[in-house]
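Q: Pasting a structure below so you can have a look.
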Amino acid sequence: MQAGSAKKQQELITEAQDFRAESDSLYELLKECKEPAYSDPTLFKHWSTNQVLRHLHMWNWAASLALTDTGAFVEFYERASAQMREGIPMSEVEREFCADESGRKLLETWRQTYGQCADRFHDADPKARLKWAGPDMSARSSITARQMETWAHGQAVFDLLGVERQDEDRIRNIAFLGMNTFGWSFVNRGQEVPAEAPRVVLSAPSGDTWEWHPQSGSGLIEGRATEFCQVVTQTRNIADTSLKVQGEAAKRWMDQAQCFAGPPETPPAPGTRHIKISYT
């Protein structure tokens, strides 16, 4: 294997491990929870923890399928899309897919599936192109997206249970995805993309500094990497963070940042996504 290919293979292996670790973090939070906690609404569209787990389970399964059987994935996706076009909510499609499992049984089903997904991407060809809901994705982009989805939807569960998540430097994958979707956040809304992305300087959980576009003159975003990831995944409004934002392009981006596929989504209103002070 050539040096470049070996490096890409190792990067994919690392990202598959990061996805597994992100999923394990959410599993560890939930494994001791009593059954009623799975049904209580979170601050994300009033989804329950059961709905969060069904969503993660179905799309982790779909990502594995896209990697191993393109035709079967296309058939699955077309069927699910047809249901949603008929007016069936996505959460209902996911509930049906999960055979209405809930609570601890659903938790273990999700755990088994994310483990299989991580294993398959660990051994995948990093040059593989996968079908998905939007444009085709590389294997690396696909597993990074699964980590991002797990981290973002997991935030609602951590918030519900009143727990401040202790992030690790694997969230750099999410920050990188946020950076890569700077233009998408504008294009997806039919807006002209600013000529230059702002400089971004983030403090990693480990204390390291991550920086992008150091020579940019179009503004600055500076602060904790966790808060930047919360904004680009729309789990927090920029007003509810301590991020320093300077420049018109930077402010416009942070007001509507969206690092995930699909139609434009409105970030949560200020004060509506937060850690609950107490949970019973």
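The chains in the structure tokens are called A, B, ... from first to last as shown; in each chain the residues are counted from 1, and the ligands are counted from 1 in the order shown.
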Quick check for you: according to DSSP on this backbone, which residues of region 93-216 of chain A are classed as strand (DSSP E or B)? Reply as a PyMOL selection string.
A: chain A and resi 129-130+137-138+199-203+209-212
Q: Using all heavy atoms, can you write the selected residues to a file as a CSV table (one decimal), in the first residue's frame?
A:
chain,number,residue,atom,x,y,z
A,129,ARG,N,-17.3,5.6,-2.7
A,129,ARG,CA,-18.3,6.6,-2.7
A,129,ARG,C,-19.7,5.9,-2.4
A,129,ARG,O,-20.0,4.9,-3.0
A,129,ARG,CB,-18.4,7.2,-4.1
A,129,ARG,CG,-17.1,7.9,-4.6
A,129,ARG,CD,-16.8,9.1,-3.8
A,129,ARG,NE,-17.8,10.1,-3.8
A,129,ARG,CZ,-17.7,11.3,-3.2
A,129,ARG,NH1,-16.7,11.5,-2.4
A,129,ARG,NH2,-18.6,12.2,-3.3
A,130,LEU,N,-20.4,6.6,-1.5
A,130,LEU,CA,-21.7,6.0,-1.0
A,130,LEU,C,-22.9,6.8,-1.4
A,130,LEU,O,-22.8,8.0,-1.3
A,130,LEU,CB,-21.6,5.9,0.5
A,130,LEU,CG,-20.8,4.7,1.2
A,130,LEU,CD1,-19.4,4.7,0.8
A,130,LEU,CD2,-20.9,4.8,2.7
A,137,MET,N,-21.4,10.4,-1.0
A,137,MET,CA,-20.5,10.8,0.0
A,137,MET,C,-19.3,9.8,0.0
A,137,MET,O,-19.5,8.7,-0.3
A,137,MET,CB,-21.1,10.8,1.4
A,137,MET,CG,-22.3,11.7,1.6
A,137,MET,SD,-23.1,11.4,3.2
A,137,MET,CE,-21.9,12.1,4.3
A,138,SER,N,-18.1,10.3,0.4
A,138,SER,CA,-17.0,9.4,0.7
A,138,SER,C,-17.3,8.6,1.9
A,138,SER,O,-18.1,9.0,2.8
A,138,SER,CB,-15.7,10.2,0.8
A,138,SER,OG,-15.7,10.9,2.0
A,199,ARG,N,-11.8,33.7,9.8
A,199,ARG,CA,-10.8,33.0,10.6
A,199,ARG,C,-11.5,32.4,11.8
A,199,ARG,O,-12.4,33.0,12.4
A,199,ARG,CB,-9.7,34.0,11.1
A,199,ARG,CG,-8.6,33.3,12.0
A,199,ARG,CD,-7.7,34.4,12.6
A,199,ARG,NE,-6.7,33.9,13.5
A,199,ARG,CZ,-6.1,34.6,14.4
A,199,ARG,NH1,-6.4,35.9,14.6
A,199,ARG,NH2,-5.2,34.0,15.2
A,200,VAL,N,-11.2,31.1,12.1
A,200,VAL,CA,-11.8,30.4,13.2
A,200,VAL,C,-10.7,29.9,14.1
A,200,VAL,O,-9.8,29.2,13.7
A,200,VAL,CB,-12.7,29.3,12.7
A,200,VAL,CG1,-13.2,28.5,13.9
A,200,VAL,CG2,-13.8,29.8,11.9
A,201,VAL,N,-10.7,30.3,15.4
A,201,VAL,CA,-9.8,29.8,16.4
A,201,VAL,C,-10.5,29.2,17.6
A,201,VAL,O,-11.3,29.9,18.3
A,201,VAL,CB,-8.9,31.0,16.9
A,201,VAL,CG1,-7.8,30.5,17.9
A,201,VAL,CG2,-8.2,31.7,15.7
A,202,LEU,N,-10.3,27.9,17.8
A,202,LEU,CA,-11.1,27.2,18.8
A,202,LEU,C,-10.2,26.5,19.8
A,202,LEU,O,-9.1,26.0,19.5
A,202,LEU,CB,-11.9,26.1,18.1
A,202,LEU,CG,-12.9,26.5,17.0
A,202,LEU,CD1,-13.6,25.3,16.4
A,202,LEU,CD2,-13.9,27.5,17.6
A,203,SER,N,-10.6,26.5,21.1
A,203,SER,CA,-10.0,25.9,22.2
A,203,SER,C,-10.5,24.5,22.3
A,203,SER,O,-11.7,24.3,22.5
A,203,SER,CB,-10.2,26.6,23.5
A,203,SER,OG,-9.6,26.0,24.5
A,209,THR,N,-5.1,24.3,20.6
A,209,THR,CA,-5.8,25.3,19.8
A,209,THR,C,-5.9,24.8,18.3
A,209,THR,O,-4.9,24.3,17.7
A,209,THR,CB,-5.0,26.6,19.8
A,209,THR,OG1,-4.9,27.1,21.1
A,209,THR,CG2,-5.6,27.7,18.9
A,210,TRP,N,-7.1,24.9,17.8
A,210,TRP,CA,-7.4,24.6,16.4
A,210,TRP,C,-7.7,25.8,15.6
A,210,TRP,O,-8.5,26.7,16.1
A,210,TRP,CB,-8.6,23.6,16.3
A,210,TRP,CG,-8.4,22.3,17.1
A,210,TRP,CD1,-7.3,21.7,17.4
A,210,TRP,CD2,-9.5,21.5,17.6
A,210,TRP,NE1,-7.5,20.5,18.1
A,210,TRP,CE2,-8.9,20.4,18.2
A,210,TRP,CE3,-10.9,21.6,17.6
A,210,TRP,CZ2,-9.6,19.4,18.8
A,210,TRP,CZ3,-11.6,20.6,18.2
A,210,TRP,CH2,-11.0,19.5,18.8
A,211,GLU,N,-7.1,26.0,14.5
A,211,GLU,CA,-7.3,27.2,13.7
A,211,GLU,C,-7.5,26.9,12.3
A,211,GLU,O,-6.8,26.1,11.7
A,211,GLU,CB,-6.1,28.1,13.9
A,211,GLU,CG,-6.2,29.5,13.2
A,211,GLU,CD,-5.1,30.4,13.6
A,211,GLU,OE1,-4.1,30.0,14.3
A,211,GLU,OE2,-5.2,31.6,13.2
A,212,TRP,N,-8.4,27.7,11.7
A,212,TRP,CA,-8.7,27.6,10.2
A,212,TRP,C,-8.7,29.0,9.6
A,212,TRP,O,-9.0,30.0,10.3
A,212,TRP,CB,-10.1,27.0,10.0
A,212,TRP,CG,-10.2,25.5,10.2
A,212,TRP,CD1,-10.0,24.5,9.3
A,212,TRP,CD2,-10.6,24.9,11.5
A,212,TRP,NE1,-10.2,23.3,9.9
A,212,TRP,CE2,-10.6,23.5,11.2
A,212,TRP,CE3,-10.9,25.4,12.7
A,212,TRP,CZ2,-10.9,22.6,12.2
A,212,TRP,CZ3,-11.2,24.4,13.7
A,212,TRP,CH2,-11.2,23.1,13.5
Q: Report the residues of region 28-119 of chain A whose backbone DSSP state falls under alpha helix (DSSP H), written as a ChimeraX atom specification.
A: /A:28-30,49-68,70-85,90-97,103-119
Q: Using only C-alpha atoms, which residues sit within 6 Å of region 17-19 of chain A once same-chain residues fewer than 2 positions away are excluded, as an MDAnalysis selection string?
A: chainID A and resid 14:15 21:22 147 170
Q: Please write the residues from the selection above to a file, keeping N, CA and C atoms, as a tab-separated table (two decimals), in the first residue's frame.
A:
chain	number	residue	atom	x	y	z
A	14	THR	N	-9.47	5.76	12.22
A	14	THR	CA	-9.59	6.66	13.37
A	14	THR	C	-10.98	7.24	13.47
A	15	GLU	N	-11.57	7.64	12.34
A	15	GLU	CA	-12.90	8.24	12.37
A	15	GLU	C	-13.96	7.21	12.73
A	21	ALA	N	-16.71	5.70	19.81
A	21	ALA	CA	-16.52	6.32	21.12
A	21	ALA	C	-17.63	7.32	21.42
A	22	GLU	N	-18.08	8.06	20.41
A	22	GLU	CA	-19.18	9.02	20.62
A	22	GLU	C	-20.45	8.28	20.98
A	147	GLN	N	-20.96	10.31	13.32
A	147	GLN	CA	-20.49	10.84	14.61
A	147	GLN	C	-21.19	12.16	14.92
A	170	ARG	N	-12.02	14.24	19.85
A	170	ARG	CA	-12.64	13.67	18.66
A	170	ARG	C	-13.70	14.60	18.06
Q: Could you tell me how far CA of Ile143 (chain A) lies from CA of Gly103 (chain A), in Å and to one decimal?
A: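 If I compute the distance from CA of Ile143 (chain A) to CA of Gly103 (chain A), I get 25.5 Å.
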Q: Which residues come within 10 Å of region 260-277 of chain A, counting only C-alpha atoms, excluding same-chain residues fewer than 2 positions away, as an MDAnalysis selection string?
A: chainID A and resid 42:45 132:135 145 148:149 155:165 177:178 181 184:190 231:241 254:258 279
